[in-house]
Amino acid sequence: MTETVAAVAFDDAVSRYEPVFGLETHVELGTITKMFCGCPAAFGAEPNAAVCPVCLGLPGSLPVVNRRAVEYTIRIGLALNCTIATWCRFARKNYFYPDMPKDYQISQYDEPLCTDGYLDVAVAGTVVRVGIERVHMEEDTGKSHHMGGATGRIHGADYSLVDYNRAGIPLVEVVTKPVPGTGALAPEVARAYVTELRELLRALGVSDVRMEEGSLRCDVNLSLSPAGSGQWGKRTETKNVNSLRSVERAMRSEIERQAAILDAGGTVVQETRHFHEETGQTTPGRSKEEAQDYRYFPEPDLVPLAPEAAWVDGIRASLPELPAARRARLQAEWGLSDLDMAAVRNAGALDLVAATVAAGASPANARKWWLGELSRHANESGTELTHLPVTPDQVARVAELVSSGQLNDKLARAVLDGVLAGEGSPDEVVAARGLAVVSDEGALGVAVDEAIAANPDLAAKVRDGKVNVAAALVGVVMRATRGQADAAKVRELILAKLS
Amino acid sequence: MDGELTRQTAADLAAAMAAGEVSAVEVTQAHLDRITAVDGSVKAFLHVAAERALAAARAVDEQRAAGAPLGPLAGVPVAHKDVFTTADMPTTCGSRILAGWQPPYDATVTRRLREAGMIILGKTNMDEFAMGSSTENSAFGPSHNPWDLDRVPGGSSGGSSAAVAAFEAPLGTGTDTGGSIRQPGAVCGIVGVKPTYGGSSRYGLVAFASSLDTPGPLARTVLDAALLHEAMSGHDPCDSTSLDAAVPPVVAAARQADVSGLRVGVVTELGGEGYQPGVMQRFTETVELLESLGAKIVELSCPHFAYALPAYYLIAPSEASSNLARFDAMRYGLRAGDDGVHSAEEVMSVTRAAGFGAEVKRRIMLGTYALSSGYYDAYYGKAQQVRTLVIRDFEAAFEQADVLVSPSTPTTAFRIGERVDDPMAMYLADLATIPSDLAGNAALSVPCGLAPEDGLPVGFQIMAPVLADDRMYRVGAAVEAALQRRWGHALIDEARGLDGAGR
């Protein structure tokens, strides 16, 4: 069996085979109501509480298209440089499944709303243009819960419960054209594409794109052909790829697996495979699915969709600045190198830094705090930067306190600690912990006198003109004041007293 | 008085109630009594909602007493086809798979009947999921034709047509997919109307073929049909295929009953070979009658109508195969084989095998095949092309004529059991009605006499362009009035099938 062939190392595989991949990405739209009825589309209702005759597919019920979902799909299509159809139809995809209320899914088949676009992604300093085949709308299904078994899977379960709250949630499927020619970078390009798409969807305000809640799901199509052969091989479709990291891992694993089959003189079976997060491997899906004939035909319950040109133009005019353009603008405004900018983006700090700058901090300061101290906190507590209990406004305030000399870096770190510990705003933490820099000459004078008295050798050297040694005395004062003294002021006083 | 009440038209009952001569409760009770007396023979109803009907009638009487504004049909009883969902009565579609199903919501048509103050007497029998022309495909047994209890009342809306012809209700609702209102109307000697597709809402109409299903009225007079037509119809935002247009003024047209100068097109393809001689005879006489009333008769050809029936038997089953997928035992209706051993998939299969009748299974298989990959273009795709050609034939014909006419059905009512083993013979009952379903235009069947050879009623079909429904009411009312003048009474008064049962 092909499954037992030992995998080939990735670098070896891509040195001899050319990967061609394509991605199908399902995105849950963030509409208030479902695709074809007025039920709430929000996450987290009691099972089967967000349902009605339409999304339950009760006999006699009929769908009515959610105008906002169409608008969102057009927004996505325009942002992906697609052509928006002037006339298109929904289609029924027929198959029996308990969590599908009508035993058909309303989708789009040969007449999608958006076609023929592209999305540029930057990987390792080069820009790869990923072609977009189509963007179409469809409805989600319900969710089965298999009860009583050990695994939570259908096999071995005593019975199953179905929650139809998800049934009818609007989905958009973004399908790329095949992407050839990326060689060893293929997994990275795929990941960069999904990353860029996710940022784009967020910027468009059409979805909150929480992969962990399943609001963005990927299927990865992949084939290998001998390098230079110019012909594409048999492809597999890997489902259940639900995180950015998984996109990359699933592709690597599938490249290694297919290379091993080809090395052994075998043929890759064109099939659906499933990715397993735990092992990083793919396994074959049910072959029954392959035999499925969906009997697509135009949905007779819905009239054709013909978005008016004026409406589409209005949507086009309302598109926000798209992520790539925004990044370029911010990078120029902040004066960052490509590398520094990449670091900000990779840290997931772009919006935070931008908001902090908008709140008055300098780009350098905003970047310093988010990528330094705060990233360290996030790593230590195992959370995302965006989930830290500190706001860009608060970070800007801390930076302002440092710039105005009211805090030094050490004190500023202590203030942020306080804010993160829930002790209040930066000003409240400063007040509560008594962290303000001491620059009062009277108070500092006493500390300086004590330091000079306790260190006569050092004082003598300064008197002899070795001004550098003053730094050591400053250190003594700082220690004595637990870091709260205004170091510049202290140095000034020491030099004045020892001149 | 009670015996008289059930013989009255809806218009006359409404007028009598408005004048305070009779109450809605009395009218309702009279019809419930009639149902009790004759429905054991007719078997028009699957469910009689006596208490609810009387309660609704009392409510109308109270509103009237309080001086509330009421619609033109307030207090008039109606027999409601069991294909429309009703939140207070079961909805079975004549199928074992939905036996006892209680929907949680009202169809738009049901809601409109209630809002009009109409009294729903109960739900009427039908061919299972509206697939058939005789009610013999009902899982609950056939209804009987009040002209001859051994004959079918037509179908699929045969329960409603039998109820109206048997004076169990002055009005009935039906749905027309291939002729399911006009054909039972014709063979029961009453008026049956298929409005323009999209003129009346499909929301809550359990779908057979979505692109064809059209709710419409059954009545004993053209005016009564028009009154119910207006009460049922109008734009519905819950049905995307519902037309956002004003309901054509059909009541005014039914009162106008004037055909002078109107161009009446006789479609050569809908008549002649395959049509019963007595049917053709009455049809021809009626065309002559129209001419005598001042209409201009035009002979014209619609060459693609010959392919309408086969195209219909690909399109309708294709849509049905998908529409009926939801009856899978998971959420409502029959569940068979759920023994803890069978998987969900097996339960679906066992339930559908046990719950659907032979004709429904035949059409599901036919439609599944027609939509299959590799066959789609040759069957479903080709049928849609034929449909376009039929639409073009109508467009060309309506340039030469204001309305088109034909016999409503090739034959009069056939005997129960006569065609059950011959699906093709059964399908031919819809030969003349199917073209208007494919094209979505309006069509009406009005009684035009009895066939000499069997003494059974013949229907005269009048077809009008999309949203010109009023035109066919004008013609239908003129035919009806002229024939009544000639006969001295309404044709339905000659129905003798129930003479031994309560007449």
# chains A, B, ... in the order shown; residues from 1 in each chain; ligands from 1

call {"tool": "closest_atom_pairs", "arguments": {"of": "chain A", "to": "chain B", "cutoff": "10 Å", "atoms": "only C-alpha atoms", "output": "CSV"}}
result
residue,atom,partner,partner_atom,distance
A:Phe36,CA,B:Cys238,CA,9.9
A:Cys37,CA,B:Cys238,CA,9.0
A:Cys52,CA,B:Pro104,CA,9.4
A:Pro53,CA,B:Tyr105,CA,7.7
A:Val54,CA,B:Cys238,CA,9.7
A:Leu56,CA,B:Arg331,CA,8.5
A:Gly57,CA,B:Arg326,CA,7.3
A:Leu58,CA,B:Arg326,CA,8.1
A:Pro59,CA,B:Val206,CA,5.1
A:Gly60,CA,B:Gly204,CA,3.8
A:Ser61,CA,B:Gly204,CA,5.4
A:Leu62,CA,B:Tyr203,CA,5.9
A:Pro63,CA,B:Asp239,CA,7.3
A:Val64,CA,B:Ser240,CA,5.8
A:Val65,CA,B:Ser240,CA,8.1
A:Arg92,CA,B:Ser322,CA,8.2
A:Lys93,CA,B:Ser322,CA,9.1
A:Asn94,CA,B:Ser322,CA,6.8
A:Tyr95,CA,B:Ala325,CA,8.4
A:Phe96,CA,B:Ala325,CA,7.4
A:Tyr97,CA,B:Glu345,CA,7.7
A:Pro98,CA,B:Met330,CA,6.4
A:Asp99,CA,B:Met330,CA,8.7
A:Met100,CA,B:Arg326,CA,8.6
A:Pro101,CA,B:Arg326,CA,6.6
A:Lys102,CA,B:Arg326,CA,4.5
A:Asp103,CA,B:Arg326,CA,5.3
A:Tyr104,CA,B:Ser322,CA,7.2
A:Ile154,CA,B:Ser343,CA,10.0
A:Asp158,CA,B:Gly340,CA,8.0
A:Tyr159,CA,B:Gly340,CA,8.2
A:Ser160,CA,B:Ala344,CA,9.1
A:Val162,CA,B:Met330,CA,9.3
A:Asp293,CA,B:Ser373,CA,6.6
A:Tyr294,CA,B:Ser372,CA,7.9
A:Arg295,CA,B:Leu371,CA,5.2
A:Tyr296,CA,B:Leu371,CA,7.3
A:Phe297,CA,B:Leu371,CA,7.3
A:Pro298,CA,B:Glu319,CA,9.7
A:Glu299,CA,B:Ser210,CA,8.9
A:Pro300,CA,B:Ser211,CA,5.5
A:Asp301,CA,B:Ser210,CA,6.0
A:Leu302,CA,B:Ser240,CA,5.6
A:Val303,CA,B:Thr241,CA,6.0
A:Pro304,CA,B:Thr241,CA,9.8

call {"tool": "residues_around", "arguments": {"residues": "Glu269 (chain B)", "least_positions_apart": "2", "cutoff": "8 Å", "atoms": "only C-alpha atoms", "output": "PyMOL selection string"}}
result
chain B and resi 267+271-272+301-303+305-306

call {"tool": "residues_around", "arguments": {"residues": "region 424-432 of chain A", "least_positions_apart": "6", "cutoff": "7 Å", "atoms": "only C-alpha atoms", "output": "list in words"}}
result
Gln394, Arg397, Val398, Val415 and Gly418 of chain A

call {"tool": "residues_around", "arguments": {"residues": "Ser41 (chain B)", "least_positions_apart": "2", "cutoff": "8 Å", "atoms": "only C-alpha atoms", "output": "PyMOL selection string"}}
result
chain B and resi 38-39+43+144+149+501

call {"tool": "select_by_dssp", "arguments": {"residues": "region 376-436 of chain B", "states": "alpha helix (DSSP H)", "output": "ChimeraX atom specification"}}
result
/B:382-400,423-427,434-436

call {"tool": "write_last_selection", "arguments": {"atoms": "C-alpha atoms", "output": "CSV table (one decimal), in the first residue's frame"}}
result
chain,number,residue,atom,x,y,z
B,382,LYS,CA,-32.6,19.8,-23.1
B,383,ALA,CA,-36.0,20.0,-21.3
B,384,GLN,CA,-35.2,23.5,-20.2
B,385,GLN,CA,-34.5,24.4,-23.9
B,386,VAL,CA,-37.9,23.0,-24.8
B,387,ARG,CA,-39.4,25.1,-22.1
B,388,THR,CA,-37.9,28.2,-23.7
B,389,LEU,CA,-39.4,27.1,-27.0
B,390,VAL,CA,-42.8,26.7,-25.5
B,391,ILE,CA,-42.5,30.2,-24.0
B,392,ARG,CA,-41.7,31.6,-27.4
B,393,ASP,CA,-44.7,29.8,-28.9
B,394,PHE,CA,-46.9,31.5,-26.4
B,395,GLU,CA,-45.3,34.9,-27.1
B,396,ALA,CA,-45.9,34.5,-30.8
B,397,ALA,CA,-49.5,33.2,-30.3
B,398,PHE,CA,-50.3,36.1,-27.9
B,399,GLU,CA,-49.3,38.5,-30.7
B,400,GLN,CA,-52.2,37.1,-32.8
B,423,PRO,CA,-48.6,5.9,-15.9
B,424,MET,CA,-48.5,7.2,-19.5
B,425,ALA,CA,-52.3,7.2,-19.8
B,426,MET,CA,-52.4,9.0,-16.4
B,427,TYR,CA,-49.8,11.6,-17.6
B,434,ILE,CA,-48.9,21.5,-19.1
B,435,PRO,CA,-47.9,24.2,-21.6
B,436,SER,CA,-49.1,27.0,-19.4

call {"tool": "atom_distance", "arguments": {"atom1": "CA of Arg129 (chain A)", "atom2": "CA of Ala85 (chain A)"}}
result
22.4 Å

call {"tool": "atom_distance", "arguments": {"atom1": "CA of Pro215 (chain B)", "atom2": "CA of Ile120 (chain B)"}}
result
15.9 Å

call {"tool": "residues_around", "arguments": {"residues": "Phe167 (chain B)", "least_positions_apart": "2", "cutoff": "8 Å", "atoms": "only C-alpha atoms", "output": "PyMOL selection string"}}
result
chain B and resi 6-7+31+34+163-165+169-170

call {"tool": "write_last_selection", "arguments": {"atoms": "C-alpha atoms", "output": "compact mmCIF listing (two decimals), in the first residue's frame"}}
result
# COMPACT_ATOMS: atom_id res chain seq x y z
CA THR B 6 -74.63 24.96 0.78
CA ARG B 7 -76.09 25.44 -2.72
CA HIS B 31 -71.25 23.05 5.37
CA ARG B 34 -73.05 18.60 4.50
CA ALA B 163 -65.59 19.06 -2.04
CA VAL B 164 -66.68 22.07 -4.08
CA ALA B 165 -68.61 19.98 -6.62
CA ALA B 169 -67.60 23.96 0.47
CA PRO B 170 -68.28 26.87 -1.88

call {"tool": "residues_around", "arguments": {"residues": "Gly158 (chain B)", "least_positions_apart": "4", "cutoff": "7 Å", "atoms": "only C-alpha atoms", "output": "PyMOL selection string"}}
result
chain B and resi 125-126+134-135+143+153-154+162+184

call {"tool": "atom_distance", "arguments": {"atom1": "CA of Arg58 (chain B)", "atom2": "CA of Gly216 (chain B)"}}
result
26.6 Å

call {"tool": "residues_around", "arguments": {"residues": "Gly132 (chain B)", "least_positions_apart": "4", "cutoff": "7 Å", "atoms": "only C-alpha atoms", "output": "list in words"}}
result
Asp127, Asn137, Gly155 and Ser156 of chain B

call {"tool": "select_by_dssp", "arguments": {"residues": "region 175-405 of chain A", "states": "strand (DSSP E)", "output": "JSON, numbers by chain"}}
result
{"A": [175, 176, 216, 217, 218, 219, 220, 221, 222, 223, 224, 225, 226, 235, 236, 237, 238, 239, 240, 241, 272, 273, 274, 275, 276, 281, 282, 283, 284, 297, 298]}

call {"tool": "write_last_selection", "arguments": {"atoms": "C-alpha atoms", "output": "short mmCIF file (atom, residue, chain, number, x, y, z; two decimals), in the first residue's frame"}}
result
data_model
loop_
_atom_site.label_atom_id
_atom_site.label_comp_id
_atom_site.auth_asym_id
_atom_site.auth_seq_id
_atom_site.Cartn_x
_atom_site.Cartn_y
_atom_site.Cartn_z
CA VAL A 175 -10.86 29.30 -4.72
CA THR A 176 -7.40 29.97 -6.10
CA LEU A 216 -12.03 30.14 8.26
CA ARG A 217 -11.30 26.65 6.92
CA CYS A 218 -8.95 25.54 4.18
CA ASP A 219 -8.78 22.69 1.72
CA VAL A 220 -5.36 22.20 0.14
CA ASN A 221 -5.03 20.77 -3.36
CA LEU A 222 -1.57 19.55 -4.22
CA SER A 223 0.21 17.66 -6.96
CA LEU A 224 3.82 16.94 -7.76
CA SER A 225 5.49 16.50 -11.09
CA PRO A 226 9.11 15.68 -11.91
CA ARG A 235 -3.64 15.88 -7.14
CA THR A 236 -5.03 15.23 -3.71
CA GLU A 237 -7.39 17.45 -1.78
CA THR A 238 -6.55 17.72 1.91
CA LYS A 239 -9.40 18.85 4.15
CA ASN A 240 -9.57 19.92 7.78
CA VAL A 241 -6.67 22.36 7.54
CA THR A 272 -9.77 13.54 -0.56
CA ARG A 273 -7.47 13.35 2.45
CA HIS A 274 -7.76 14.57 6.01
CA PHE A 275 -5.11 16.48 7.91
CA HIS A 276 -4.46 15.59 11.52
CA GLN A 281 0.08 13.83 8.65
CA THR A 282 -2.73 13.31 6.16
CA THR A 283 -4.84 10.16 5.83
CA PRO A 284 -7.26 9.15 3.08
CA PHE A 297 -28.91 22.31 -10.88
CA PRO A 298 -30.03 25.94 -10.70
#

call {"tool": "closest_residue", "arguments": {"among": "B:Gln256, B:Thr411, B:Thr196, B:Ser133", "to": "Gly476 (chain B)", "atoms": "only C-alpha atoms"}}
result
B:Gln256

call {"tool": "closest_residue", "arguments": {"among": "A:Leu80, A:Leu493, A:Leu322, A:Ala454", "to": "Ala471 (chain A)", "atoms": "only C-alpha atoms"}}
result
A:Leu493

call {"tool": "closest_residue", "arguments": {"among": "A:Ala487, A:Ser215, A:Arg166, A:Ser318", "to": "Ala45 (chain A)", "atoms": "only C-alpha atoms"}}
result
A:Arg166
